[in-house]
>>> print(open('work-v4.txt').read())   # compact mmCIF, C-alpha atoms
# COMPACT_ATOMS: atom_id res chain seq x y z
CA MET A 29 0.00 0.00 0.00
CA THR A 30 1.35 3.43 -0.93
CA GLU A 31 1.24 6.07 1.77
CA ALA A 32 -0.22 9.44 0.87
CA ARG A 33 2.13 12.33 1.54
CA SER A 34 1.08 14.36 4.58
CA THR A 35 0.97 18.09 3.84
CA SER A 36 0.17 19.08 7.41
CA GLY A 37 1.71 16.74 9.92
CA PRO A 38 1.27 16.43 13.67
CA ASP A 39 3.23 18.37 16.26
CA LEU A 40 4.69 15.04 17.41
CA LEU A 41 4.93 11.73 15.55
CA LEU A 42 5.52 8.86 17.99
CA LEU A 43 7.20 5.84 16.37
CA HIS A 44 7.53 2.40 17.93
CA ALA A 45 10.34 0.35 16.42
CA PRO A 46 10.75 -3.43 16.32
CA SER A 47 13.33 -4.96 18.62
CA VAL A 48 15.60 -5.62 15.61
CA TYR A 49 15.00 -3.45 12.57
CA ASP A 50 15.84 -6.00 9.86
CA PHE A 51 14.03 -8.93 11.49
CA ARG A 52 12.25 -9.58 8.19
CA GLU A 53 15.54 -10.29 6.41
CA ARG A 54 17.55 -12.14 9.07
CA ALA A 55 17.15 -15.35 11.02
CA ILE A 56 17.37 -14.35 14.69
CA LEU A 57 17.51 -16.59 17.73
CA TYR A 58 15.43 -14.75 20.31
CA GLY A 59 15.36 -15.45 24.01
CA PRO A 60 12.20 -16.53 25.84
CA VAL A 61 9.34 -14.09 26.35
CA SER A 62 7.03 -14.26 29.35
CA ASP A 63 3.49 -15.47 28.72
CA MET A 64 2.37 -12.29 30.47
CA VAL A 65 3.63 -10.23 27.51
CA PRO A 66 0.96 -10.24 24.76
CA SER A 67 3.36 -9.15 22.01
CA SER A 68 5.85 -11.32 20.14
CA THR A 69 9.67 -11.43 20.17
CA VAL A 70 9.57 -8.38 17.88
CA PHE A 71 8.14 -6.54 20.92
CA GLU A 72 5.57 -4.73 18.81
CA MET A 73 3.63 -3.52 21.85
CA TYR A 74 4.39 0.15 22.44
CA PRO A 75 4.67 1.51 26.01
CA LEU A 76 1.73 2.94 27.89
CA GLY A 77 3.56 6.26 27.99
CA PHE A 78 2.57 6.86 24.37
CA LEU A 79 -1.03 7.21 25.52
CA THR A 80 -0.26 9.53 28.42
CA ILE A 81 1.93 11.68 26.17
CA ALA A 82 -0.83 11.90 23.57
CA SER A 83 -3.39 12.71 26.27
CA TYR A 84 -1.30 15.44 27.90
CA LEU A 85 -0.27 17.11 24.65
CA HIS A 86 -3.84 16.94 23.33
CA ALA A 87 -4.97 18.83 26.44
CA GLN A 88 -2.33 21.48 25.62
CA GLY A 89 -3.69 21.93 22.11
CA MET A 90 -1.04 19.86 20.31
CA SER A 91 -1.59 17.06 17.81
CA VAL A 92 0.04 13.64 18.21
CA ARG A 93 0.09 10.59 15.97
CA ILE A 94 1.15 7.11 17.15
CA VAL A 95 2.51 4.71 14.53
CA ASN A 96 3.45 1.18 15.52
CA LEU A 97 6.11 0.54 12.89
CA ALA A 98 6.95 -2.84 14.38
CA LEU A 99 3.36 -4.03 13.90
CA ARG A 100 3.10 -2.69 10.38
CA MET A 101 6.37 -4.39 9.45
CA MET A 102 5.10 -7.67 10.90
CA ASN A 103 1.75 -7.54 9.11
CA ASP A 104 3.15 -6.53 5.73
CA ARG A 105 6.50 -7.94 4.66
CA HIS A 106 6.65 -5.32 1.90
CA PHE A 107 5.83 -2.34 4.11
CA ASP A 108 8.42 0.30 3.15
CA VAL A 109 9.56 2.09 6.31
CA PRO A 110 11.68 4.79 4.59
CA ALA A 111 8.85 5.57 2.15
CA PHE A 112 6.36 5.88 4.99
CA ILE A 113 8.66 8.19 6.96
CA ALA A 114 9.28 10.28 3.84
CA SER A 115 5.51 10.75 3.46
CA GLN A 116 5.21 12.33 6.92
CA ARG A 117 5.63 16.00 7.82
CA PRO A 118 5.81 16.16 11.63
CA ARG A 119 7.29 19.04 13.62
CA ALA A 120 9.15 16.53 15.81
CA ILE A 121 9.53 12.75 16.07
CA GLY A 122 9.59 10.76 19.28
CA ILE A 123 10.99 7.23 19.46
CA ASP A 124 10.70 5.04 22.52
CA LEU A 125 13.66 3.08 23.82
CA HIS A 126 11.78 1.86 26.84
CA TRP A 127 12.66 -1.83 26.84
CA LEU A 128 16.31 -2.60 26.15
CA PRO A 129 15.58 -5.20 23.40
CA HIS A 130 14.62 -2.21 21.22
CA ALA A 131 18.14 -0.75 21.19
CA HIS A 132 18.90 -1.82 17.61
CA GLY A 133 15.48 -1.09 16.16
CA ALA A 134 15.06 2.30 17.82
CA LEU A 135 18.45 3.59 16.70
CA GLU A 136 17.97 2.29 13.16
CA ILE A 137 14.60 4.01 12.87
CA ALA A 138 16.20 7.21 14.18
CA ARG A 139 18.97 6.90 11.58
CA ILE A 140 16.44 6.55 8.76
CA VAL A 141 14.46 9.51 10.09
CA LYS A 142 17.56 11.73 10.14
CA GLU A 143 18.56 10.71 6.62
CA ILE A 144 15.11 11.63 5.30
CA HIS A 145 14.25 14.57 7.59
CA PRO A 146 17.57 16.02 8.77
CA GLY A 147 15.91 19.16 10.12
CA VAL A 148 13.28 17.39 12.21
CA PRO A 149 14.23 16.98 15.89
CA VAL A 150 14.39 13.37 17.10
CA ILE A 151 13.48 12.82 20.75
CA PHE A 152 14.20 9.60 22.62
CA GLY A 153 12.45 8.50 25.80
CA GLY A 154 11.85 5.53 28.04
CA LEU A 155 13.53 3.75 30.93
CA SER A 156 16.44 2.40 28.87
CA SER A 157 16.91 5.81 27.24
CA SER A 158 17.06 7.37 30.69
CA TYR A 159 19.68 4.95 31.95
CA PHE A 160 21.88 5.08 28.83
CA HIS A 161 21.35 8.74 27.86
CA GLU A 162 25.08 9.48 27.87
CA GLN A 163 25.72 6.68 25.39
CA LEU A 164 22.76 7.67 23.25
CA VAL A 165 23.94 11.26 22.99
CA ALA A 166 26.94 10.05 21.02
CA TYR A 167 24.69 9.03 18.13
CA PRO A 168 24.15 11.73 15.50
CA GLN A 169 20.60 10.60 14.76
CA VAL A 170 19.32 11.43 18.26
CA ASP A 171 18.77 15.06 19.23
CA PHE A 172 17.18 14.92 22.68
CA VAL A 173 16.55 12.47 25.48
CA LEU A 174 14.02 13.15 28.20
CA ARG A 175 15.05 11.25 31.31
CA GLY A 176 12.66 9.70 33.78
CA ASP A 177 9.40 7.82 33.70
CA SER A 178 7.03 10.82 33.81
CA THR A 179 8.03 13.41 31.24
CA GLU A 180 4.84 14.75 29.70
CA PRO A 181 5.24 18.39 30.92
CA PRO A 182 8.97 18.57 30.03
CA LEU A 183 8.16 17.14 26.60
CA HIS A 184 5.54 19.84 26.10
CA GLN A 185 8.08 22.49 27.13
CA LEU A 186 10.57 21.06 24.64
CA LEU A 187 8.08 21.04 21.77
CA VAL A 188 7.11 24.65 22.53
CA ALA A 189 10.78 25.68 22.63
CA LEU A 190 11.48 23.96 19.31
CA ARG A 191 8.43 25.63 17.76
CA ASP A 192 9.33 29.09 19.05
CA GLY A 193 13.11 28.79 18.73
CA THR A 194 13.73 29.45 22.43
CA PRO A 195 16.53 27.95 24.60
CA VAL A 196 16.16 24.46 26.05
CA ASP A 197 18.73 24.77 28.84
CA GLN A 198 16.05 25.25 31.51
CA ILE A 199 13.84 22.30 30.55
CA PRO A 200 13.99 19.70 33.34
CA ASN A 201 15.09 16.10 32.74
CA LEU A 202 16.49 16.96 29.31
CA SER A 203 19.81 15.81 27.87
CA TRP A 204 20.93 17.60 24.73
CA LYS A 205 24.01 18.79 22.87
CA ASP A 206 25.22 21.63 20.72
CA ALA A 207 28.52 22.81 19.27
CA GLN A 208 29.89 23.27 22.80
CA GLY A 209 29.22 19.66 23.77
CA VAL A 210 26.76 17.61 25.76
CA HIS A 211 24.45 19.21 28.31
CA VAL A 212 22.47 17.38 30.99
CA ASN A 213 19.77 19.52 32.58
CA PRO A 214 18.84 18.77 36.20
CA HIS A 215 16.49 15.86 36.79
CA SER A 216 14.10 18.08 38.68
CA PHE A 217 10.68 17.03 37.37
CA LEU A 218 9.63 14.33 39.85
CA PRO A 219 5.85 14.59 40.22
CA ALA A 220 4.35 13.44 43.50
CA THR A 221 1.15 12.51 41.67
CA LEU A 222 0.08 11.60 38.16
CA ASP A 223 -3.29 13.31 38.44
CA TYR A 224 -2.12 15.87 35.87
CA VAL A 225 -2.42 13.30 33.07
CA ASP A 226 -4.89 10.63 32.03
CA ILE A 227 -4.96 7.61 29.74
CA ARG A 228 -7.17 8.37 26.72
CA PRO A 229 -7.70 5.26 24.56
CA ASP A 230 -10.33 7.24 22.67
CA LEU A 231 -7.54 9.34 21.18
CA VAL A 232 -6.26 6.22 19.42
CA ILE A 233 -9.65 5.86 17.70
CA GLU A 234 -9.49 9.54 16.76
CA MET A 235 -6.02 9.02 15.25
CA MET A 236 -7.27 6.10 13.20
CA ALA A 237 -10.05 8.23 11.73
CA ARG A 238 -7.97 11.37 11.21
CA TYR A 239 -5.05 9.66 9.47
CA ARG A 240 -7.12 6.84 7.90
CA ASP A 241 -4.76 4.35 9.47
CA PHE A 242 -6.64 1.54 11.22
CA GLU A 243 -3.50 -0.50 11.87
CA GLY A 244 -0.68 1.84 12.82
CA ALA A 245 -1.93 2.71 16.31
CA LEU A 246 -2.87 -0.81 17.40
CA PRO A 247 -0.93 -1.96 20.48
CA PHE A 248 0.11 -5.43 19.29
CA ARG A 249 -0.46 -8.06 16.62
CA GLY A 250 -3.79 -9.86 16.91
CA TRP A 251 -5.45 -7.13 18.97
CA TRP A 252 -8.54 -7.16 16.74
CA ARG A 253 -9.01 -10.86 17.59
CA ASN A 254 -8.11 -10.44 21.26
CA PRO A 255 -8.84 -6.81 22.23
CA ILE A 256 -7.50 -6.92 25.76
CA ALA A 257 -6.71 -3.79 27.75
CA ALA A 258 -5.43 -2.96 31.21
CA VAL A 259 -7.62 -1.51 33.95
CA PHE A 260 -5.62 0.56 36.44
CA THR A 261 -6.76 1.13 40.00
CA VAL A 262 -3.57 2.96 41.00
CA LYS A 263 -0.92 4.97 39.20
CA GLY A 264 2.77 4.96 40.06
CA ALA A 265 4.56 3.61 43.12
CA LEU A 266 4.72 4.76 46.72
CA THR A 267 8.52 4.45 46.90
CA ASN A 268 11.52 4.60 44.58
CA ALA A 269 12.87 1.24 45.70
CA SER A 270 10.71 -1.29 43.88
CA PRO A 271 12.77 -4.22 42.48
CA ALA A 272 11.89 -3.39 38.87
CA ALA A 273 13.12 0.18 39.28
CA ALA A 274 16.18 -0.54 41.39
CA ARG A 275 18.55 0.19 38.52
CA THR A 276 16.69 3.12 37.00
CA PRO A 277 17.08 6.85 37.73
CA PRO A 278 14.99 8.19 40.63
CA ALA A 279 11.35 8.70 39.83
CA ARG A 280 8.12 8.95 41.73
CA THR A 281 5.83 7.34 39.21
CA SER A 282 5.88 4.73 36.49
CA ARG A 283 5.34 6.05 33.02
CA SER A 284 7.31 6.85 29.89
CA GLY A 285 10.60 8.72 30.06
CA SER A 286 13.14 10.36 27.84
CA ALA A 287 16.79 10.90 27.31
CA ARG A 288 18.51 12.68 24.55
CA CYS A 289 21.23 12.75 22.00
CA SER A 290 21.87 15.37 19.39
CA ALA A 291 22.93 15.42 15.83
CA ALA A 292 25.53 17.49 14.06
CA PRO A 293 24.53 20.93 12.72
CA ARG A 294 20.82 21.33 12.11
CA ALA A 295 18.33 23.98 11.11
CA TRP A 296 17.52 25.11 14.67
CA SER A 297 19.68 26.16 17.60
CA PRO A 298 18.79 24.80 21.06
CA THR A 299 20.37 27.73 22.91
CA SER A 300 19.44 30.79 20.94
CA ARG A 301 16.21 32.25 19.61
CA ARG A 302 15.45 32.08 15.93
CA SER A 303 12.69 33.45 13.79
CA ARG A 304 9.75 31.23 13.05
CA ALA A 305 9.67 29.48 9.72
>>> encode(input="work-v4.txt", output="structure tokens")
Amino acid sequence: MTEARSTSGPDLLLLHAPSVYDFRERAILYGPVSDMVPSSTVFEMYPLGFLTIASYLHAQGMSVRIVNLALRMMNDRHFDVPAFIASQRPRAIGIDLHWLPHAHGALEIARIVKEIHPGVPVIFGGLSSSYFHEQLVAYPQVDFVLRGDSTEPPLHQLLVALRDGTPVDQIPNLSWKDAQGVHVNPHSFLPATLDYVDIRPDLVIEMMARYRDFEGALPFRGWWRNPIAAVFTVKGALTNASPAAARTPPARTSRSGSARCSAAPRAWSPTSRRSRA
């Protein structure tokens, strides 16, 4: 299927990569996956943080599109990732490196994005991004990493700064770089509650209708046959010392995060104001 070229793209395009980008061309011996994980070894299920990011930014008047590239690549062996990315016109692109098995796929998708859209900022996020943000910043295809597991407000601040051409050095939880080197802003956004954001599955339905894409935003393969969903009675954790988070940066809640890397020269400057395009 040929993708129509978007003339007016979203403020943020969220892309979920497969665990290994070229899984369709290579024989790969994967490790075991828990029966509790509904997705396959390609890890096509995107993190819940995509929904909270979309919900928060929607409340701030920004448009977000979620595209599960891993799922589309699984369902269509001939799905052309570079052609799809070339058809998009987003203001910024977010890629999750939440689970570590996505290291190869996430960085390869970012590389393709930068080759096609060199002037579009690429933002990484997730628990693995947060932990390895210093390593990620060495890659030219990554421009920013938002660290932590609750980064919706800092992400909004970053998108506003990129839109207006204002400095990013005061945005909390942000790692970035410029000609002077790598900069790591203080990890100061640690919300005591997640009441400022909600999970809006209805926004996924809205995305499907708006972009005429009834597959790209699905959470995992086979969802139409088995449309399961989580019901949450609590949000976050009472302490920072849960076993699953013992090796992650301090955070008060469990959600998506971000860390950042920057590319070589680009069309915008993160430390000085520029005129709007």
>>> closest_residue(input="work-v4.txt", among="A:Ala245, A:Val196, A:Ile113, A:Met73", to="Val148 in chain A", atoms="all atoms listed in the file")
A:Ile113
>>> atom_distance(input="work-v4.txt", atom1="CA of Val48 in chain A", atom2="CA of Gly133 in chain A")
4.6 Å
>>> axis_aligned_box(input="work-v4.txt", around="range 182-191 of chain A", padding_each_side="6 Å", output="JSON")
{"center_x": 8.5, "center_y": 21.4, "center_z": 23.9, "size_x": 17.9, "size_y": 20.5, "size_z": 24.3}
>>> closest_residue(input="work-v4.txt", among="A:Gln185, A:Asn96, A:Thr69, A:Ser156", to="Asp241 in chain A", atoms="all atoms listed in the file")
A:Asn96
>>> atom_distance(input="work-v4.txt", atom1="CA of Phe242 in chain A", atom2="CA of Ser115 in chain A")
17.1 Å
>>> residues_around(input="work-v4.txt", residues="Arg93 in chain A", least_positions_apart="4", cutoff="12 Å", atoms="only C-alpha atoms", output="JSON, numbers by chain")
{"A": [37, 38, 39, 40, 41, 42, 43, 44, 78, 79, 81, 82, 83, 85, 86, 116, 117, 118, 119, 120, 121, 122, 123, 231, 232, 233, 234, 235, 236, 237, 238, 239, 240, 241, 244, 245, 246]}
>>> write_last_selection(input="work-v4.txt", atoms="C-alpha atoms", output="CSV table (one decimal), in the coordinates of the input")
chain,number,residue,atom,x,y,z
A,37,GLY,CA,1.7,16.7,9.9
A,38,PRO,CA,1.3,16.4,13.7
A,39,ASP,CA,3.2,18.4,16.3
A,40,LEU,CA,4.7,15.0,17.4
A,41,LEU,CA,4.9,11.7,15.6
A,42,LEU,CA,5.5,8.9,18.0
A,43,LEU,CA,7.2,5.8,16.4
A,44,HIS,CA,7.5,2.4,17.9
A,78,PHE,CA,2.6,6.9,24.4
A,79,LEU,CA,-1.0,7.2,25.5
A,81,ILE,CA,1.9,11.7,26.2
A,82,ALA,CA,-0.8,11.9,23.6
A,83,SER,CA,-3.4,12.7,26.3
A,85,LEU,CA,-0.3,17.1,24.6
A,86,HIS,CA,-3.8,16.9,23.3
A,116,GLN,CA,5.2,12.3,6.9
A,117,ARG,CA,5.6,16.0,7.8
A,118,PRO,CA,5.8,16.2,11.6
A,119,ARG,CA,7.3,19.0,13.6
A,120,ALA,CA,9.2,16.5,15.8
A,121,ILE,CA,9.5,12.8,16.1
A,122,GLY,CA,9.6,10.8,19.3
A,123,ILE,CA,11.0,7.2,19.5
A,231,LEU,CA,-7.5,9.3,21.2
A,232,VAL,CA,-6.3,6.2,19.4
A,233,ILE,CA,-9.6,5.9,17.7
A,234,GLU,CA,-9.5,9.5,16.8
A,235,MET,CA,-6.0,9.0,15.2
A,236,MET,CA,-7.3,6.1,13.2
A,237,ALA,CA,-10.0,8.2,11.7
A,238,ARG,CA,-8.0,11.4,11.2
A,239,TYR,CA,-5.0,9.7,9.5
A,240,ARG,CA,-7.1,6.8,7.9
A,241,ASP,CA,-4.8,4.4,9.5
A,244,GLY,CA,-0.7,1.8,12.8
A,245,ALA,CA,-1.9,2.7,16.3
A,246,LEU,CA,-2.9,-0.8,17.4
>>> closest_residue(input="work-v4.txt", among="A:Val70, A:Ala166, A:Ala207, A:Leu218", to="Pro182 in chain A", atoms="all atoms listed in the file")
A:Leu218
>>> residues_near_point(input="work-v4.txt", point="(13.3, -4.8, 28.0)", cutoff="10 Å", atoms="only C-alpha atoms", output="list in words")
Ser47, Phe71, Leu125, His126, Trp127, Leu128, Pro129, His130, Ala131, Leu155 and Ser156 of chain A
>>> atom_distance(input="work-v4.txt", atom1="CA of Leu222 in chain A", atom2="CA of Glu180 in chain A")
10.2 Å
>>> closest_residue(input="work-v4.txt", among="A:Pro219, A:Pro168, A:Pro46, A:Pro75", to="Arg139 in chain A", atoms="all atoms listed in the file")
A:Pro168
>>> closest_residue(input="work-v4.txt", among="A:Asp230, A:Asp104, A:Glu143, A:Glu243", to="Val170 in chain A", atoms="all atoms listed in the file")
A:Glu143
>>> closest_residue(input="work-v4.txt", among="A:Pro229, A:Gly176, A:Pro110, A:Gly147", to="Tyr159 in chain A", atoms="only C-alpha atoms")
A:Gly176
